[in-house]
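Novice: Following this line is final.json, made up of JSON, C-alpha atoms:
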[["chain", "number", "residue", "atom", "x", "y", "z"],
["A", 121, "MET", "CA", -14.58, 64.94, 45.96],
["A", 122, "ASN", "CA", -16.38, 61.79, 44.81],
["A", 123, "LEU", "CA", -14.64, 58.44, 44.77],
["A", 124, "HIS", "CA", -14.28, 58.37, 40.99],
["A", 125, "VAL", "CA", -12.56, 61.74, 40.90],
["A", 126, "ARG", "CA", -10.38, 60.87, 43.90],
["A", 127, "ALA", "CA", -9.35, 57.55, 42.35],
["A", 128, "ARG", "CA", -8.52, 59.18, 39.06],
["A", 129, "ARG", "CA", -6.51, 61.93, 40.71],
["A", 130, "VAL", "CA", -4.51, 59.61, 42.93],
["A", 131, "GLY", "CA", -4.03, 57.12, 40.11],
["A", 132, "GLY", "CA", -2.90, 59.87, 37.80],
["A", 133, "LEU", "CA", -0.45, 61.35, 40.25],
["A", 134, "ILE", "CA", 1.15, 57.94, 40.79],
["A", 135, "ALA", "CA", 0.62, 56.97, 37.17],
["A", 136, "SER", "CA", 3.17, 59.04, 35.39],
["A", 137, "ALA", "CA", 5.66, 57.44, 37.71],
["A", 138, "VAL", "CA", 7.07, 54.22, 36.38],
["A", 139, "VAL", "CA", 7.94, 55.54, 33.02],
["A", 140, "ALA", "CA", 10.06, 58.57, 32.52],
["A", 141, "ALA", "CA", 13.20, 59.81, 30.87],
["A", 142, "ALA", "CA", 15.09, 63.02, 30.02],
["A", 143, "LEU", "CA", 17.99, 64.25, 27.79],
["A", 144, "MET", "CA", 19.73, 67.39, 28.93],
["A", 145, "GLY", "CA", 20.41, 69.67, 26.03],
["A", 146, "ALA", "CA", 23.21, 72.18, 26.20],
["A", 147, "GLY", "CA", 21.51, 75.44, 26.96],
["A", 148, "PRO", "CA", 21.13, 78.22, 29.47],
["A", 149, "ALA", "CA", 20.81, 76.89, 33.01],
["A", 150, "LEU", "CA", 17.60, 78.06, 34.62],
["A", 151, "ALA", "CA", 18.01, 78.79, 38.30],
["A", 152, "THR", "CA", 14.85, 79.47, 40.24],
["A", 153, "PRO", "CA", 13.71, 82.70, 38.61],
["A", 154, "GLY", "CA", 12.38, 85.85, 40.19],
["A", 155, "PRO", "CA", 8.88, 87.21, 39.64],
["A", 156, "THR", "CA", 7.28, 86.55, 36.29],
["A", 157, "SER", "CA", 8.19, 89.21, 33.78],
["A", 158, "ALA", "CA", 5.16, 91.30, 32.90],
["A", 159, "PRO", "CA", 4.03, 90.14, 29.45],
["A", 160, "THR", "CA", 3.79, 92.78, 26.76],
["A", 161, "THR", "CA", 1.73, 92.78, 23.60],
["A", 162, "SER", "CA", 4.81, 91.44, 21.78],
["A", 163, "ALA", "CA", 5.55, 88.66, 24.31],
["A", 164, "LEU", "CA", 5.77, 85.17, 22.87],
["A", 165, "THR", "CA", 2.52, 83.25, 23.47],
["A", 166, "TYR", "CA", 3.33, 79.98, 25.22],
["A", 167, "VAL", "CA", 0.94, 77.12, 26.08],
["A", 168, "ASN", "CA", 1.83, 74.14, 28.26],
["A", 169, "LEU", "CA", -0.31, 71.00, 28.12],
["A", 170, "GLY", "CA", -0.08, 67.58, 29.70],
["A", 171, "ASP", "CA", -0.24, 65.43, 32.81],
["A", 172, "SER", "CA", 1.13, 65.58, 36.36],
["A", 173, "TYR", "CA", 4.76, 65.52, 35.22],
["A", 174, "SER", "CA", 4.02, 68.51, 33.04],
["A", 175, "ALA", "CA", 2.05, 70.14, 35.85],
["A", 176, "GLY", "CA", 4.82, 69.60, 38.41],
["A", 177, "SER", "CA", 2.37, 67.97, 40.80],
["A", 178, "GLY", "CA", 3.82, 67.89, 44.31],
["A", 179, "VAL", "CA", 6.15, 70.87, 43.91],
["A", 180, "VAL", "CA", 4.94, 73.78, 46.04],
["A", 181, "PRO", "CA", 3.49, 76.34, 45.76],
["A", 182, "THR", "CA", 0.42, 75.46, 43.75],
["A", 183, "ALA", "CA", -0.28, 77.74, 40.80],
["A", 184, "PRO", "CA", -2.86, 80.37, 41.84],
["A", 185, "GLY", "CA", -6.31, 80.02, 40.34],
["A", 186, "THR", "CA", -5.85, 76.42, 39.21],
["A", 187, "LEU", "CA", -8.16, 73.51, 39.97],
["A", 188, "GLU", "CA", -7.16, 71.70, 43.16],
["A", 189, "GLN", "CA", -7.45, 68.28, 41.52],
["A", 190, "CYS", "CA", -4.85, 69.24, 38.90],
["A", 191, "ALA", "CA", -2.13, 69.88, 41.50],
["A", 192, "GLN", "CA", -0.38, 72.26, 39.11],
["A", 193, "SER", "CA", 2.77, 73.85, 40.50],
["A", 194, "ALA", "CA", 3.66, 77.52, 40.15],
["A", 195, "ASP", "CA", 7.26, 76.32, 39.79],
["A", 196, "ASN", "CA", 6.85, 73.65, 37.12],
["A", 197, "TYR", "CA", 9.18, 73.72, 34.13],
["A", 198, "SER", "CA", 6.83, 75.79, 31.96],
["A", 199, "HIS", "CA", 6.41, 78.49, 34.60],
["A", 200, "LEU", "CA", 10.18, 78.62, 35.06],
["A", 201, "ILE", "CA", 10.71, 78.98, 31.31],
["A", 202, "ALA", "CA", 8.05, 81.69, 31.02],
["A", 203, "GLN", "CA", 9.48, 83.62, 33.95],
["A", 204, "ARG", "CA", 13.04, 83.37, 32.65],
["A", 205, "PHE", "CA", 12.23, 84.59, 29.13],
["A", 206, "GLY", "CA", 9.20, 86.81, 29.75],
["A", 207, "TYR", "CA", 6.78, 84.63, 27.79],
["A", 208, "HIS", "CA", 3.00, 84.94, 28.16],
["A", 209, "LEU", "CA", 2.12, 81.50, 29.56],
["A", 210, "THR", "CA", -1.17, 79.65, 29.55],
["A", 211, "ASP", "CA", -0.66, 76.42, 31.47],
["A", 212, "VAL", "CA", -3.53, 73.92, 31.29],
["A", 213, "SER", "CA", -1.54, 70.86, 32.40],
["A", 214, "CYS", "CA", -3.35, 68.74, 34.98],
["A", 215, "GLY", "CA", -2.48, 65.76, 37.15],
["A", 216, "GLY", "CA", -4.05, 62.55, 35.88],
["A", 217, "ALA", "CA", -4.47, 63.78, 32.31],
["A", 218, "THR", "CA", -4.44, 61.31, 29.44],
["A", 219, "THR", "CA", -4.30, 62.01, 25.72],
["A", 220, "ASP", "CA", -8.12, 61.85, 25.75],
["A", 221, "ASP", "CA", -8.17, 64.95, 27.96],
["A", 222, "PHE", "CA", -6.67, 66.96, 25.13],
["A", 223, "PHE", "CA", -10.06, 66.48, 23.45],
["A", 224, "THR", "CA", -12.54, 66.13, 26.32],
["A", 225, "VAL", "CA", -13.23, 67.65, 29.75],
["A", 226, "GLN", "CA", -11.11, 66.01, 32.44],
["A", 227, "TYR", "CA", -12.86, 67.58, 35.46],
["A", 228, "PRO", "CA", -15.91, 69.84, 35.84],
["A", 229, "GLY", "CA", -14.77, 73.41, 35.43],
["A", 230, "LEU", "CA", -12.04, 72.57, 32.91],
["A", 231, "HIS", "CA", -12.01, 72.70, 29.12],
["A", 232, "PRO", "CA", -10.35, 70.21, 26.78],
["A", 233, "GLN", "CA", -6.68, 71.09, 26.88],
["A", 234, "LEU", "CA", -6.57, 71.74, 23.14],
["A", 235, "ASP", "CA", -8.96, 74.66, 23.64],
["A", 236, "ALA", "CA", -5.99, 76.66, 24.96],
["A", 237, "LEU", "CA", -4.39, 76.63, 21.50],
["A", 238, "GLY", "CA", -5.02, 78.85, 18.53],
["A", 239, "PRO", "CA", -3.47, 80.39, 15.41],
["A", 240, "GLY", "CA", -1.69, 82.96, 17.59],
["A", 241, "THR", "CA", 0.10, 80.36, 19.75],
["A", 242, "ASP", "CA", 3.88, 80.59, 19.30],
["A", 243, "LEU", "CA", 5.20, 77.77, 21.50],
["A", 244, "VAL", "CA", 3.66, 74.57, 22.88],
["A", 245, "THR", "CA", 5.27, 72.14, 25.30],
["A", 246, "PHE", "CA", 3.81, 69.03, 26.91],
["A", 247, "MET", "CA", 4.44, 65.71, 28.63],
["A", 248, "ILE", "CA", 1.76, 63.04, 28.13],
["A", 249, "GLY", "CA", 1.20, 59.29, 27.75],
["A", 250, "GLY", "CA", 2.03, 57.88, 31.18],
["A", 251, "ASN", "CA", -1.60, 57.75, 32.26],
["A", 252, "ASP", "CA", -3.10, 56.24, 29.12],
["A", 253, "GLY", "CA", -4.63, 52.90, 30.00],
["A", 254, "MET", "CA", -3.38, 53.46, 33.58],
["A", 255, "VAL", "CA", -0.29, 51.64, 32.36],
["A", 256, "PHE", "CA", 2.15, 53.20, 34.78],
["A", 257, "ALA", "CA", -0.02, 53.48, 37.86],
["A", 258, "GLY", "CA", -0.81, 49.85, 37.21],
["A", 259, "THR", "CA", 2.85, 48.99, 36.85],
["A", 260, "VAL", "CA", 3.74, 50.63, 40.15],
["A", 261, "GLY", "CA", 0.93, 48.91, 42.00],
["A", 262, "LYS", "CA", 1.50, 45.52, 40.39],
["A", 263, "CYS", "CA", 5.24, 45.50, 40.92],
["A", 264, "LEU", "CA", 5.07, 46.67, 44.53],
["A", 265, "ALA", "CA", 2.46, 44.01, 45.28],
["A", 266, "ALA", "CA", 4.48, 41.35, 43.48],
["A", 267, "ALA", "CA", 7.62, 42.26, 45.44],
["A", 268, "ALA", "CA", 5.75, 41.70, 48.70],
["A", 269, "THR", "CA", 5.00, 38.10, 47.70],
["A", 270, "THR", "CA", 8.68, 37.23, 47.27],
["A", 271, "LEU", "CA", 10.16, 39.48, 49.97],
["A", 272, "GLY", "CA", 11.88, 41.46, 47.24],
["A", 273, "ARG", "CA", 13.59, 38.51, 45.59],
["A", 274, "GLY", "CA", 13.47, 37.49, 41.94],
["A", 275, "SER", "CA", 11.42, 39.22, 39.27],
["A", 276, "PRO", "CA", 7.80, 38.43, 40.20],
["A", 277, "CYS", "CA", 6.35, 41.38, 38.29],
["A", 278, "LYS", "CA", 8.10, 40.47, 35.05],
["A", 279, "ASP", "CA", 7.27, 36.80, 35.57],
["A", 280, "THR", "CA", 3.58, 37.63, 35.97],
["A", 281, "TYR", "CA", 3.03, 40.37, 33.39],
["A", 282, "GLY", "CA", 5.79, 39.81, 30.86],
["A", 283, "ASP", "CA", 5.37, 41.89, 27.69],
["A", 284, "THR", "CA", 1.74, 42.85, 28.31],
["A", 285, "ILE", "CA", 2.48, 46.35, 29.62],
["A", 286, "ALA", "CA", 5.01, 47.17, 26.90],
["A", 287, "ASN", "CA", 2.65, 45.81, 24.24],
["A", 288, "GLU", "CA", -0.11, 48.07, 25.56],
["A", 289, "ILE", "CA", 2.19, 51.05, 25.06],
["A", 290, "ARG", "CA", 3.13, 49.99, 21.53],
["A", 291, "THR", "CA", -0.37, 49.12, 20.34],
["A", 292, "GLN", "CA", -2.62, 51.49, 22.33],
["A", 293, "THR", "CA", -0.61, 54.43, 23.66],
["A", 294, "PHE", "CA", 1.48, 55.09, 20.55],
["A", 295, "PRO", "CA", -1.46, 55.80, 18.18],
["A", 296, "LYS", "CA", -3.09, 58.01, 20.83],
["A", 297, "LEU", "CA", 0.13, 60.00, 21.14],
["A", 298, "ALA", "CA", 0.31, 60.47, 17.38],
["A", 299, "LYS", "CA", -3.35, 61.53, 17.26],
["A", 300, "ALA", "CA", -2.80, 64.08, 20.04],
["A", 301, "MET", "CA", 0.27, 65.53, 18.36],
["A", 302, "ARG", "CA", -1.52, 65.91, 15.02],
["A", 303, "ALA", "CA", -4.36, 67.68, 16.79],
["A", 304, "ILE", "CA", -1.96, 70.12, 18.45],
["A", 305, "ARG", "CA", -0.45, 70.91, 15.05],
["A", 306, "SER", "CA", -3.92, 71.50, 13.62],
["A", 307, "LYS", "CA", -5.00, 73.79, 16.47],
["A", 308, "ALA", "CA", -1.71, 75.74, 16.59],
["A", 309, "PRO", "CA", -0.47, 75.69, 12.98],
["A", 310, "HIS", "CA", 2.14, 78.40, 13.45],
["A", 311, "ALA", "CA", 3.55, 77.21, 16.78],
["A", 312, "ARG", "CA", 6.78, 75.48, 17.62],
["A", 313, "ILE", "CA", 5.63, 72.28, 19.31],
["A", 314, "ALA", "CA", 7.77, 70.18, 21.64],
["A", 315, "VAL", "CA", 7.02, 67.01, 23.56],
["A", 316, "ILE", "CA", 9.28, 66.22, 26.52],
["A", 317, "SER", "CA", 10.08, 62.65, 27.49],
["A", 318, "TYR", "CA", 9.85, 61.45, 31.07],
["A", 319, "PRO", "CA", 12.90, 61.41, 33.40],
["A", 320, "TRP", "CA", 14.06, 58.05, 34.69],
["A", 321, "ILE", "CA", 12.26, 56.76, 37.75],
["A", 322, "MET", "CA", 14.44, 53.69, 38.30],
["A", 323, "PRO", "CA", 18.07, 52.91, 37.47],
["A", 324, "ALA", "CA", 18.87, 50.60, 34.55],
["A", 325, "THR", "CA", 20.30, 47.86, 36.76],
["A", 326, "TYR", "CA", 19.69, 46.74, 40.30],
["A", 327, "GLU", "CA", 20.92, 48.78, 43.22],
["A", 328, "PRO", "CA", 19.55, 48.90, 46.78],
["A", 329, "CYS", "CA", 16.48, 51.11, 46.73],
["A", 330, "PRO", "CA", 14.50, 50.66, 49.96],
["A", 331, "ALA", "CA", 12.46, 53.79, 49.25],
["A", 332, "PHE", "CA", 11.08, 52.20, 46.07],
["A", 333, "PRO", "CA", 10.64, 48.56, 47.06],
["A", 334, "VAL", "CA", 10.19, 46.63, 43.82],
["A", 335, "ALA", "CA", 11.86, 43.23, 43.64],
["A", 336, "ALA", "CA", 15.53, 43.19, 42.70],
["A", 337, "GLY", "CA", 14.89, 41.53, 39.36],
["A", 338, "ASP", "CA", 12.10, 43.97, 38.49],
["A", 339, "VAL", "CA", 14.24, 47.11, 38.62],
["A", 340, "ALA", "CA", 15.41, 46.53, 35.05],
["A", 341, "TYR", "CA", 11.87, 45.48, 34.08],
["A", 342, "THR", "CA", 10.33, 48.79, 35.16],
["A", 343, "TYR", "CA", 13.23, 50.64, 33.52],
["A", 344, "ASP", "CA", 12.48, 48.85, 30.24],
["A", 345, "ILE", "CA", 8.82, 49.85, 30.47],
["A", 346, "GLN", "CA", 9.91, 53.47, 30.86],
["A", 347, "ALA", "CA", 12.13, 53.09, 27.82],
["A", 348, "THR", "CA", 9.23, 51.67, 25.81],
["A", 349, "LEU", "CA", 7.03, 54.67, 26.60],
["A", 350, "ASN", "CA", 9.72, 57.18, 25.75],
["A", 351, "ASP", "CA", 10.38, 55.38, 22.49],
["A", 352, "ALA", "CA", 6.66, 55.59, 21.66],
["A", 353, "ILE", "CA", 6.74, 59.33, 22.39],
["A", 354, "ARG", "CA", 9.81, 59.79, 20.20],
["A", 355, "ARG", "CA", 8.31, 57.80, 17.31],
["A", 356, "ALA", "CA", 5.03, 59.72, 17.50],
["A", 357, "ALA", "CA", 6.94, 63.01, 17.46],
["A", 358, "THR", "CA", 8.94, 61.94, 14.41],
["A", 359, "GLU", "CA", 5.79, 60.82, 12.62],
["A", 360, "THR", "CA", 3.97, 64.10, 13.25],
["A", 361, "GLY", "CA", 6.82, 66.60, 12.91],
["A", 362, "VAL", "CA", 6.83, 67.56, 16.57],
["A", 363, "THR", "CA", 10.15, 68.40, 18.27],
["A", 364, "PHE", "CA", 11.23, 65.66, 20.66],
["A", 365, "VAL", "CA", 12.98, 67.01, 23.76],
["A", 366, "ASP", "CA", 14.78, 63.97, 25.09],
["A", 367, "ALA", "CA", 14.90, 64.32, 28.82],
["A", 368, "THR", "CA", 16.43, 60.84, 29.29],
["A", 369, "THR", "CA", 20.22, 60.97, 29.10],
["A", 370, "PRO", "CA", 20.75, 63.82, 31.58],
["A", 371, "SER", "CA", 18.49, 62.16, 34.14],
["A", 372, "VAL", "CA", 20.71, 59.07, 34.31],
["A", 373, "GLY", "CA", 22.04, 58.98, 37.86],
["A", 374, "HIS", "CA", 19.21, 61.19, 39.12],
["A", 375, "ASP", "CA", 16.49, 58.54, 39.55],
["A", 376, "SER", "CA", 14.37, 58.05, 42.64],
["A", 377, "CYS", "CA", 16.89, 55.70, 44.24],
["A", 378, "LYS", "CA", 19.45, 58.47, 44.60],
["A", 379, "PRO", "CA", 19.83, 60.69, 47.70],
["A", 380, "VAL", "CA", 18.19, 64.05, 48.29],
["A", 381, "GLY", "CA", 19.98, 66.73, 46.31],
["A", 382, "THR", "CA", 20.90, 64.29, 43.54],
["A", 383, "ARG", "CA", 17.58, 62.74, 42.59],
["A", 384, "TRP", "CA", 15.17, 64.57, 40.30],
["A", 385, "ILE", "CA", 12.33, 62.14, 41.02],
["A", 386, "GLU", "CA", 10.93, 61.35, 44.45],
["A", 387, "PRO", "CA", 10.52, 57.72, 45.56],
["A", 388, "ILE", "CA", 7.50, 56.02, 47.12],
["A", 389, "LEU", "CA", 8.86, 56.20, 50.69],
["A", 390, "THR", "CA", 10.90, 58.94, 52.40],
["A", 391, "THR", "CA", 9.61, 61.35, 49.79],
["A", 392, "GLN", "CA", 10.42, 65.04, 50.24],
["A", 393, "GLN", "CA", 7.09, 66.20, 48.80],
["A", 394, "ILE", "CA", 3.40, 65.36, 49.01],
["A", 395, "VAL", "CA", 3.24, 63.58, 45.64],
["A", 396, "PRO", "CA", 5.68, 60.66, 45.35],
["A", 397, "VAL", "CA", 7.17, 59.26, 42.14],
["A", 398, "HIS", "CA", 7.19, 62.68, 40.48],
["A", 399, "PRO", "CA", 9.78, 65.35, 39.75],
["A", 400, "ASN", "CA", 10.85, 67.41, 42.73],
["A", 401, "ALA", "CA", 11.79, 71.10, 42.56],
["A", 402, "LEU", "CA", 15.30, 70.24, 41.36],
["A", 403, "GLY", "CA", 13.80, 68.01, 38.67],
["A", 404, "GLU", "CA", 11.52, 70.78, 37.44],
["A", 405, "ARG", "CA", 14.46, 73.19, 37.22],
["A", 406, "GLU", "CA", 16.41, 70.61, 35.24],
["A", 407, "LEU", "CA", 13.46, 69.99, 32.91],
["A", 408, "ALA", "CA", 13.26, 73.73, 32.30],
["A", 409, "SER", "CA", 16.97, 73.90, 31.45],
["A", 410, "ILE", "CA", 16.78, 70.81, 29.23],
["A", 411, "THR", "CA", 13.81, 72.19, 27.31],
["A", 412, "ALA", "CA", 15.22, 75.68, 26.94],
["A", 413, "GLY", "CA", 18.53, 74.28, 25.73],
["A", 414, "ALA", "CA", 17.00, 71.85, 23.28],
["A", 415, "LEU", "CA", 14.77, 74.55, 21.76],
["A", 416, "GLY", "CA", 17.41, 77.27, 21.80],
["A", 417, "LEU", "CA", 15.13, 79.59, 23.74],
["A", 418, "GLY", "CA", 16.38, 83.09, 24.41],
["A", 419, "ARG", "CA", 18.86, 83.01, 21.53]]
If you took the structure in this file and wrote it as structure tokens, what would it be?
Specialist:
Amino acid sequence: MNLHVRARRVGGLIASAVVAAALMGAGPALATPGPTSAPTTSALTYVNLGDSYSAGSGVVPTAPGTLEQCAQSADNYSHLIAQRFGYHLTDVSCGGATTDDFFTVQYPGLHPQLDALGPGTDLVTFMIGGNDGMVFAGTVGKCLAAAATTLGRGSPCKDTYGDTIANEIRTQTFPKLAKAMRAIRSKAPHARIAVISYPWIMPATYEPCPAFPVAAGDVAYTYDIQATLNDAIRRAATETGVTFVDATTPSVGHDSCKPVGTRWIEPILTTQQIVPVHPNALGERELASITAGALGLGR
């Protein structure tokens, strides 16, 4: 793997991290399902797009036949949904993906993600936006480095970067999200299309979080950046007629600072999986339940 590819992969896997949120809809709980139901000619055609949160990067096992750089899990939320309801799934989500990768080739051997769509597609889900402009990977790196300069006191990240990260989301990421959503609608004109917001990485207010060592005053700052991204996703969905699956409210109290068995997102340190700052297996199951409930799947 060359250094450019390695940097993009690692950056992408950390990237989706500092900004996430999730609203649990009332719907059928999805326990870890059994073997995938054999699709029939009448099975609903389901396509999953997106980045490492959508791919479930870090949750084992890896999906058979997928590119190693994508770190796509066989137990991500889309696989769980497809197994539960017997849908015919094509999952082209890939760690490190940006909205540009809907239109262009992310890695050799892949196609633009939009190529998976067509007039016969019935359902599309995706999570995207956290990697655009490396906003979130940058936020993680900047805020961890800033915390080291003050021994975890104050709000050095906010003091240094202020509104620049949030403004990047509003002015650069938002129009890219809207463009991507319009393109999905064009490629899959008959499909039900749903974008899922990112689950919370950090709590709204300070609490001890040694496994995610940002400065005390920057906990709320990173939370606000997450909120800005999810708001951009929601606004883009409203503008383009895409269903917004709010994964934010139900993830409150399940951020990376919580203990194993409660948290849906792994922290930087003492992580339980190989990819930190991403949903764990519990988080993927919850995302599946949230999505299925919000869309009324299986009814």
Novice: Nearest to Cys190 in chain A among A:Val395, A:Leu237, A:Ala324, A:Leu389, with distances taken over only C-alpha atoms: which residue is it?
Specialist: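 Smallest distance to Cys190 in chain A is found for A:Val395.
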Novice: Smallest atom-to-atom distance to Asn168 in chain A: which of A:Phe364, A:Tyr197, A:Tyr343, A:Phe256, using only C-alpha atoms?
Specialist: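 When distances to Asn168 in chain A are compared using only C-alpha atoms, the smallest one comes from A:Tyr197.
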Novice: Applying 10 Å and all atoms listed in the file, which residues near Gly249 in chain A remain after dropping the ones on its own chain fewer than 6 positions away? List them as JSON, numbers by chain.
Specialist: {"A": [135, 136, 139, 170, 171, 217, 218, 219, 220, 255, 256, 289, 293, 294, 296, 297, 300, 317, 318, 349, 350, 352, 353]}
Novice: Quick one: write out the picked residues with C-alpha atoms as a tab-separated table (two decimals), keeping the file's coordinate frame?
Specialist:
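The resulting part_5.tsv:
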chain	number	residue	atom	x	y	z
A	135	ALA	CA	0.62	56.97	37.17
A	136	SER	CA	3.17	59.04	35.39
A	139	VAL	CA	7.94	55.54	33.02
A	170	GLY	CA	-0.08	67.58	29.70
A	171	ASP	CA	-0.24	65.43	32.81
A	217	ALA	CA	-4.47	63.78	32.31
A	218	THR	CA	-4.44	61.31	29.44
A	219	THR	CA	-4.30	62.01	25.72
A	220	ASP	CA	-8.12	61.85	25.75
A	255	VAL	CA	-0.29	51.64	32.36
A	256	PHE	CA	2.15	53.20	34.78
A	289	ILE	CA	2.19	51.05	25.06
A	293	THR	CA	-0.61	54.43	23.66
A	294	PHE	CA	1.48	55.09	20.55
A	296	LYS	CA	-3.09	58.01	20.83
A	297	LEU	CA	0.13	60.00	21.14
A	300	ALA	CA	-2.80	64.08	20.04
A	317	SER	CA	10.08	62.65	27.49
A	318	TYR	CA	9.85	61.45	31.07
A	349	LEU	CA	7.03	54.67	26.60
A	350	ASN	CA	9.72	57.18	25.75
A	352	ALA	CA	6.66	55.59	21.66
A	353	ILE	CA	6.74	59.33	22.39
Novice: Using CA of Gly229 in chain A and CA of Glu188 in chain A as the two end points, give the distance in Å to one decimal.
Specialist: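 These two atoms are separated by 11.0 Å.
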Novice: Excluding Cys329 in chain A and residues on its chain fewer than 4 positions from it, collect all residues at most 9 Å away from it, counting only C-alpha atoms, and give them as a PyMOL selection string.
Specialist: chain A and resi 333-334+336+376-378+387
Novice: For CA of Leu402 in chain A and CA of Thr382 in chain A, quote the distance in Å rounded to one decimal.
Specialist: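 Those two atoms sit 8.5 Å apart.
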Novice: Please provide the set of residues having any atom within 6 Å of Val167 in chain A, restricted to only C-alpha atoms, with same-chain residues fewer than 3 positions apart removed, written as a PDB file with C-alpha atoms, in the coordinates of the input.
Specialist:
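Final file, out.pdb:
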ATOM      1  CA  LEU A 209       2.120  81.500  29.560  1.00  0.00           C
ATOM      2  CA  THR A 210      -1.170  79.650  29.550  1.00  0.00           C
ATOM      3  CA  ASP A 211      -0.660  76.420  31.470  1.00  0.00           C
ATOM      4  CA  VAL A 244       3.660  74.570  22.880  1.00  0.00           C
TER       5      VAL A 244
END
Novice: Separation of CA of Thr358 in chain A and CA of Arg305 in chain A, in Å?
Specialist: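 A separation of 13.0 Å between them.
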Novice: List every residue of range 321-340 of chain A that has an atom at most 6 Å from any atom of range 272-284 of chain A, giving for each one its closest atom pair and the distance in Å to one decimal, counting only C-alpha atoms, sorted by chain and then by ascending residue number, as JSON lines.
Specialist:
{"residue": "A:Ala335", "atom": "CA", "partner": "A:Gly272", "partner_atom": "CA", "distance": 4.0}
{"residue": "A:Ala336", "atom": "CA", "partner": "A:Arg273", "partner_atom": "CA", "distance": 5.8}
{"residue": "A:Gly337", "atom": "CA", "partner": "A:Ser275", "partner_atom": "CA", "distance": 4.2}
{"residue": "A:Asp338", "atom": "CA", "partner": "A:Ser275", "partner_atom": "CA", "distance": 4.9}
Novice: With all atoms listed in the file as the atoms that count, which of A:Val260, A:Val397, A:Ile248, A:Ala163 lies nearest to Ala314 in chain A?
Specialist: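 Of A:Val260, A:Val397, A:Ile248, A:Ala163, the one nearest Ala314 in chain A is A:Ile248, counting all atoms listed in the file.
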Novice: Could you name the residues that touch Ala191 in chain A at 7 Å or less, counting all atoms listed in the file, but leaving out those on the same chain fewer than 3 positions away, as a short mmCIF file (atom, residue, chain, number, x, y, z; two decimals) with C-alpha atoms, in the frame of the given file?
Specialist:
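This is the output file selection.cif:
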data_model
loop_
_atom_site.label_atom_id
_atom_site.label_comp_id
_atom_site.auth_asym_id
_atom_site.auth_seq_id
_atom_site.Cartn_x
_atom_site.Cartn_y
_atom_site.Cartn_z
CA SER A 177 2.37 67.97 40.80
CA GLY A 178 3.82 67.89 44.31
CA THR A 182 0.42 75.46 43.75
CA GLU A 188 -7.16 71.70 43.16
CA CYS A 214 -3.35 68.74 34.98
CA GLY A 215 -2.48 65.76 37.15
#
Novice: Please, which residues are within 12 Å of (20.0, 63.3, 37.4) by the file's coordinates, counting only C-alpha atoms, and could they come as an MDAnalysis selection string?
Specialist: chainID A and resid 141:144 319:323 367:386 399:400 402:407 410
Novice: Between A:Thr411, A:Thr342, A:Ser306, A:Ser172, which one has atoms that come closest to Thr241 in chain A, using all atoms listed in the file?
Specialist: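 Selected residue with least distance to Thr241 in chain A: A:Ser306.
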Novice: Select, from A:Gln292, A:Gln189, A:Thr325, A:Thr391, the residue with the minimum atom-to-atom distance to Gly216 in chain A, counting only C-alpha atoms.
Specialist: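 Smallest separation from Gly216 in chain A among the options: A:Gln189.
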